[in-house]
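Okay, my_file_15.pdb now, which holds PDB, C-alpha atoms and all ligand atoms:
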ATOM      1  CA  MET A   1     -17.522   7.267   2.615
ATOM      2  CA  ILE A   2     -15.734   3.942   2.300
ATOM      3  CA  LYS A   3     -16.868   1.080   4.524
ATOM      4  CA  GLU A   4     -14.870  -2.007   5.409
ATOM      5  CA  CYS A   5     -17.244  -4.152   3.359
ATOM      6  CA  ASP A   6     -16.309  -2.127   0.244
ATOM      7  CA  ILE A   7     -12.762  -3.501   0.394
ATOM      8  CA  LEU A   8     -12.260  -6.617  -1.704
ATOM      9  CA  THR A   9     -10.679  -9.629  -0.036
ATOM     10  CA  GLU A  10      -8.965 -12.778  -1.250
ATOM     11  CA  LYS A  11     -12.445 -14.150  -2.024
ATOM     12  CA  ASP A  12     -12.553 -11.561  -4.800
ATOM     13  CA  ALA A  13      -9.301 -12.833  -6.296
ATOM     14  CA  LYS A  14     -10.523 -12.430  -9.855
ATOM     15  CA  THR A  15     -10.511  -8.638  -9.533
ATOM     16  CA  LEU A  16      -7.594  -8.322  -7.105
ATOM     17  CA  ARG A  17      -5.408 -10.272  -9.537
ATOM     18  CA  GLU A  18      -6.049  -7.933 -12.439
ATOM     19  CA  VAL A  19      -3.414  -5.514 -13.677
ATOM     20  CA  SER A  20      -4.718  -1.966 -13.295
ATOM     21  CA  LYS A  21      -4.593   0.539 -16.133
ATOM     22  CA  ASP A  22      -2.781   3.875 -16.300
ATOM     23  CA  VAL A  23      -4.830   6.877 -15.269
ATOM     24  CA  ILE A  24      -5.416   9.548 -17.899
ATOM     25  CA  PHE A  25      -5.350  13.164 -16.708
ATOM     26  CA  PRO A  26      -7.208  15.206 -15.728
ATOM     27  CA  LEU A  27      -8.704  12.978 -13.058
ATOM     28  CA  SER A  28     -12.454  12.672 -12.958
ATOM     29  CA  GLU A  29     -14.315  14.305 -10.085
ATOM     30  CA  GLU A  30     -15.233  10.796  -8.991
ATOM     31  CA  ASP A  31     -11.599   9.672  -8.773
ATOM     32  CA  ILE A  32     -10.592  12.791  -6.824
ATOM     33  CA  LEU A  33     -13.394  12.167  -4.320
ATOM     34  CA  LYS A  34     -12.409   8.505  -4.104
ATOM     35  CA  ILE A  35      -8.777   9.357  -3.371
ATOM     36  CA  ASN A  36      -9.820  11.686  -0.554
ATOM     37  CA  ASP A  37     -12.226   9.054   0.812
ATOM     38  CA  MET A  38      -9.418   6.487   0.777
ATOM     39  CA  ILE A  39      -7.145   8.807   2.769
ATOM     40  CA  MET A  40      -9.950   9.450   5.255
ATOM     41  CA  TYR A  41     -10.591   5.730   5.664
ATOM     42  CA  LEU A  42      -6.927   5.034   6.436
ATOM     43  CA  ARG A  43      -6.723   7.904   8.922
ATOM     44  CA  LEU A  44      -9.802   6.706  10.772
ATOM     45  CA  SER A  45      -8.597   3.107  10.726
ATOM     46  CA  GLN A  46      -5.502   4.222  12.651
ATOM     47  CA  ASP A  47      -7.598   5.962  15.310
ATOM     48  CA  GLU A  48      -7.740   3.294  18.002
ATOM     49  CA  GLU A  49     -11.048   4.435  19.454
ATOM     50  CA  TYR A  50     -12.760   4.688  16.077
ATOM     51  CA  ALA A  51     -11.302   1.407  14.835
ATOM     52  CA  GLU A  52     -12.406  -0.469  17.928
ATOM     53  CA  LYS A  53     -15.893   1.026  17.957
ATOM     54  CA  ASN A  54     -16.410   0.203  14.286
ATOM     55  CA  ASN A  55     -14.503  -3.062  14.424
ATOM     56  CA  ILE A  56     -12.156  -2.231  11.554
ATOM     57  CA  ARG A  57      -8.486  -3.042  11.086
ATOM     58  CA  ALA A  58      -5.778  -0.420  10.892
ATOM     59  CA  GLY A  59      -4.265   0.130   7.466
ATOM     60  CA  MET A  60      -1.694   2.541   6.067
ATOM     61  CA  GLY A  61      -2.157   1.858   2.368
ATOM     62  CA  LEU A  62      -5.029   1.272  -0.004
ATOM     63  CA  ALA A  63      -5.014   0.776  -3.763
ATOM     64  CA  ALA A  64      -7.913   1.540  -6.097
ATOM     65  CA  ILE A  65      -8.144  -2.103  -7.194
ATOM     66  CA  GLN A  66      -8.995  -3.049  -3.598
ATOM     67  CA  LEU A  67     -12.212  -1.107  -4.153
ATOM     68  CA  GLY A  68     -12.706  -2.757  -7.531
ATOM     69  CA  ILE A  69     -11.366   0.241  -9.490
ATOM     70  CA  LYS A  70      -8.858  -0.958 -12.088
ATOM     71  CA  LYS A  71      -6.807   2.221 -12.183
ATOM     72  CA  ARG A  72      -3.181   2.732 -11.227
ATOM     73  CA  PHE A  73      -3.538   4.819  -8.115
ATOM     74  CA  PHE A  74      -3.180   4.301  -4.383
ATOM     75  CA  VAL A  75      -2.907   6.273  -1.176
ATOM     76  CA  ILE A  76      -0.679   5.967   1.860
ATOM     77  CA  SER A  77      -1.467   7.490   5.243
ATOM     78  CA  TYR A  78       1.129   6.750   7.880
ATOM     79  CA  LYS A  79       0.496   7.857  11.435
ATOM     80  CA  LYS A  80       3.734   9.055  12.970
ATOM     81  CA  GLU A  81       4.650   8.916  16.635
ATOM     82  CA  ASP A  82       3.675  12.553  17.126
ATOM     83  CA  GLY A  83       0.170  11.724  15.894
ATOM     84  CA  THR A  84       0.470  13.557  12.577
ATOM     85  CA  PHE A  85       0.124  11.771   9.240
ATOM     86  CA  GLU A  86       2.610  11.383   6.429
ATOM     87  CA  GLU A  87       0.456  10.996   3.339
ATOM     88  CA  TYR A  88       0.866  10.266  -0.365
ATOM     89  CA  LYS A  89      -1.639  10.267  -3.215
ATOM     90  CA  VAL A  90       0.112   8.262  -5.898
ATOM     91  CA  ILE A  91      -0.943   7.922  -9.527
ATOM     92  CA  ASN A  92       0.811   5.948 -12.299
ATOM     93  CA  PRO A  93       3.902   5.185 -10.172
ATOM     94  CA  LYS A  94       7.182   3.823 -11.453
ATOM     95  CA  ILE A  95      10.179   2.681  -9.389
ATOM     96  CA  LEU A  96      13.246   4.386 -10.870
ATOM     97  CA  SER A  97      15.891   2.827  -8.628
ATOM     98  CA  HIS A  98      16.256   0.921  -5.388
ATOM     99  CA  SER A  99      18.796   0.124  -2.702
ATOM    100  CA  GLU A 100      20.735  -3.099  -2.647
ATOM    101  CA  GLU A 101      19.703  -3.550   0.952
ATOM    102  CA  GLU A 102      16.544  -5.503   1.646
ATOM    103  CA  ILE A 103      14.282  -5.278   4.669
ATOM    104  CA  TYR A 104      11.143  -6.995   5.945
ATOM    105  CA  VAL A 105       8.447  -6.117   8.424
ATOM    106  CA  GLU A 106       9.241  -8.176  11.496
ATOM    107  CA  GLU A 107       5.671  -8.571  12.734
ATOM    108  CA  GLY A 108       4.612  -9.630   9.245
ATOM    109  CA  GLU A 109       3.179  -7.498   6.481
ATOM    110  CA  GLY A 110      -0.543  -6.811   6.540
ATOM    111  CA  CYS A 111      -3.134  -5.938   3.946
ATOM    112  CA  LEU A 112      -6.744  -4.796   4.248
ATOM    113  CA  SER A 113      -7.570  -7.385   1.559
ATOM    114  CA  VAL A 114      -5.950 -10.284   3.413
ATOM    115  CA  THR A 115      -8.064 -11.022   6.459
ATOM    116  CA  ARG A 116      -5.943 -13.882   7.829
ATOM    117  CA  TYR A 117      -2.548 -13.785   9.491
ATOM    118  CA  VAL A 118       0.158 -14.977   7.122
ATOM    119  CA  GLU A 119       3.529 -15.850   8.606
ATOM    120  CA  GLY A 120       6.764 -15.236   6.774
ATOM    121  CA  ILE A 121       9.130 -12.768   5.245
ATOM    122  CA  VAL A 122       8.206 -10.392   2.464
ATOM    123  CA  PRO A 123      11.481  -9.076   1.017
ATOM    124  CA  ARG A 124      11.381  -5.358   0.207
ATOM    125  CA  TYR A 125      13.984  -2.800  -0.798
ATOM    126  CA  ALA A 126      15.011  -0.569   2.095
ATOM    127  CA  ARG A 127      14.947   2.532  -0.101
ATOM    128  CA  ILE A 128      13.405   3.273  -3.456
ATOM    129  CA  THR A 129      13.215   6.274  -5.739
ATOM    130  CA  VAL A 130       9.760   6.485  -7.188
ATOM    131  CA  GLU A 131       8.245   8.708  -9.845
ATOM    132  CA  TYR A 132       4.493   9.300  -9.926
ATOM    133  CA  TYR A 133       1.834  11.925 -10.548
ATOM    134  CA  ASP A 134      -0.145  13.672  -7.858
ATOM    135  CA  GLU A 135      -3.890  14.282  -8.169
ATOM    136  CA  PHE A 136      -3.272  17.532 -10.060
ATOM    137  CA  GLY A 137      -1.164  15.753 -12.678
ATOM    138  CA  ASN A 138       2.163  17.120 -11.412
ATOM    139  CA  LYS A 139       5.079  14.744 -11.692
ATOM    140  CA  GLN A 140       6.730  13.925  -8.374
ATOM    141  CA  THR A 141      10.018  12.152  -7.716
ATOM    142  CA  LYS A 142      10.579  10.935  -4.174
ATOM    143  CA  ARG A 143      13.175   8.892  -2.367
ATOM    144  CA  VAL A 144      11.375   6.910   0.342
ATOM    145  CA  ARG A 145      12.724   4.526   2.928
ATOM    146  CA  GLU A 146      11.791   2.029   5.629
ATOM    147  CA  GLU A 147       8.029   1.718   6.355
ATOM    148  CA  ILE A 148       7.100   4.137   3.585
ATOM    149  CA  ALA A 149       9.274   2.268   1.066
ATOM    150  CA  VAL A 150       7.582  -0.996   2.064
ATOM    151  CA  ALA A 151       4.155   0.609   1.698
ATOM    152  CA  PHE A 152       4.983   1.910  -1.799
ATOM    153  CA  GLN A 153       6.232  -1.510  -2.919
ATOM    154  CA  HIS A 154       3.195  -3.255  -1.391
ATOM    155  CA  GLU A 155       0.767  -0.870  -3.128
ATOM    156  CA  ILE A 156       2.578  -0.953  -6.486
ATOM    157  CA  ASP A 157       2.263  -4.741  -6.305
ATOM    158  CA  HIS A 158      -1.516  -4.320  -5.944
ATOM    159  CA  LEU A 159      -1.577  -2.378  -9.210
ATOM    160  CA  ASN A 160       0.001  -5.433 -10.840
ATOM    161  CA  GLY A 161      -2.376  -7.934  -9.246
ATOM    162  CA  ILE A 162       0.188  -9.133  -6.710
ATOM    163  CA  LEU A 163      -0.506  -9.710  -2.998
ATOM    164  CA  PHE A 164       2.152  -9.764  -0.289
ATOM    165  CA  THR A 165       1.367 -13.421   0.364
ATOM    166  CA  ASP A 166       2.730 -14.239  -3.113
ATOM    167  CA  LYS A 167       6.174 -13.031  -2.017
ATOM    168  CA  ILE A 168       6.501 -15.429   0.909
ATOM    169  CA  ASP A 169       8.329 -18.636   0.103
ATOM    170  CA  LYS A 170       5.761 -21.392   0.602
ATOM    171  CA  LYS A 171       8.244 -24.083   1.646
ATOM    172  CA  ASN A 172      10.408 -21.871   3.816
ATOM    173  CA  PRO A 173       8.563 -18.703   4.908
ATOM    174  CA  PHE A 174      11.726 -17.400   6.601
ATOM    175  CA  LYS A 175      14.056 -18.027   3.686
ATOM    176  CA  ASN A 176      17.008 -15.602   3.423
ATOM    177  CA  GLN A 177      16.086 -13.919   6.692
ATOM    178  CA  GLU A 178      19.776 -13.548   7.557
ATOM    179  CA  ASN A 179      20.347 -11.429   4.459
ATOM    180  CA  MET A 180      17.709  -8.863   5.345
ATOM    181  CA  ARG A 181      17.150  -6.322   8.056
ATOM    182  CA  ALA A 182      13.999  -6.485  10.170
ATOM    183  CA  ILE A 183      12.078  -3.258  10.663
TER     184      ILE A 183
HETATM  185 NI    NI B   1      -2.581  -4.462   0.589
END

Any chance you could give the structure as structure tokens?
Ligand code: NI
Amino acid sequence: MIKECDILTEKDAKTLREVSKDVIFPLSEEDILKINDMIMYLRLSQDEEYAEKNNIRAGMGLAAIQLGIKKRFFVISYKKEDGTFEEYKVINPKILSHSEEEIYVEEGEGCLSVTRYVEGIVPRYARITVEYYDEFGNKQTKRVREEIAVAFQHEIDHLNGILFTDKIDKKNPFKNQENMRAI
């Protein structure tokens, strides 16, 4: 089981900044277990009672590199209003195309590896078409939008050693706000 202290933070920049390597199939037993553990961690983190009791922050995405694993995979677990989860296990992803329209998360983007509040706009495409492999090695092509599109872009950045804080203009954190839609 993953614990909060297993997740690397900005203090561990050396690892977080590394570019992860493509995964070779079939996945190892260890990687399959890790992927399922990552999903479980995100689900629990979005359970208010559990999160409060264990003093952990809610997260909807987690990349392998955040656990010190330099492999190109991540998971997304998004709790919907009806309480069910929309989940993705994403390996070796590639963005095939994206919308012209850009969006940003109004309350600010968050990351389990960034433990401080960072103000400003992180520009993201409103919709992307992404190709990736699932844990069985089957190729998937999905068109995702809004929160899920943001999560994919945020996690793909992790695989390239990029944090959301890098995307905020240092001099003017709200630069170009008028050209983007808040979500
Ligand atoms: Ni993150």

Contacts of segment 74-86 of chain A within 12 Å, all atoms listed in the file, excl. fewer than 4 positions in-chain, as a ChimeraX atom specification: /A:20,22-23,31-32,34-48,58-67,69-70,90-93,132-135,144,146-159

9 Å contact set for Ser97 of chain A, all atoms listed in the file, chain neighbours under 4 positions out, as a list in words: Arg127, Ile128, Thr129 and Val130 of chain A

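Neighbours of ligand NI 1 (chain B) at a cut-off of 6 Å, computed so that only C-alpha atoms and all ligand atoms are counted, are the residues A:Cys111, A:Leu112, A:Ser113.
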
Interatomic distance (Å, one decimal) between atom CA of Glu107 of chain A and atom CA of Thr141 of chain A: 29.4 Å

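Selection result for the displayed file, with the PyMOL selection byres (((chain A and resi 169-178) around 9) and not hetatm) as criterion, is Tyr104, Glu119, Gly120, Ile121, Val122, Pro123, Thr165, Asp166, Lys167, Ile168, Asn179, Met180, Arg181 and Ala182 of chain A.
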
Residue nearest Glu131 of chain A among A:Cys5, A:Ile183, A:Leu96, A:Leu16 (counting only C-alpha atoms): A:Leu96

Pick from A:Gln140, A:Thr9, A:Thr115, A:Asn55, whichever lies nearest to Lys94 of chain A using only C-alpha atoms: A:Gln140

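Between atom CA of Arg124 of chain A and atom CA of Ile56 of chain A lies a distance of 26.3 Å.
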
Counting all atoms listed in the file, the residue of A:Glu30, A:Gly110, A:Glu49, A:Gly68 that sits nearest Arg17 of chain A: A:Gly68

For Val19 of chain A, the nearest of the candidates A:Lys139, A:Met1, A:Phe164, A:Phe73, counting only C-alpha atoms: A:Phe73

Atomic separation - atom CA of Glu10 of chain A relative to atom CA of Val114 of chain A, Å: 6.1 Å
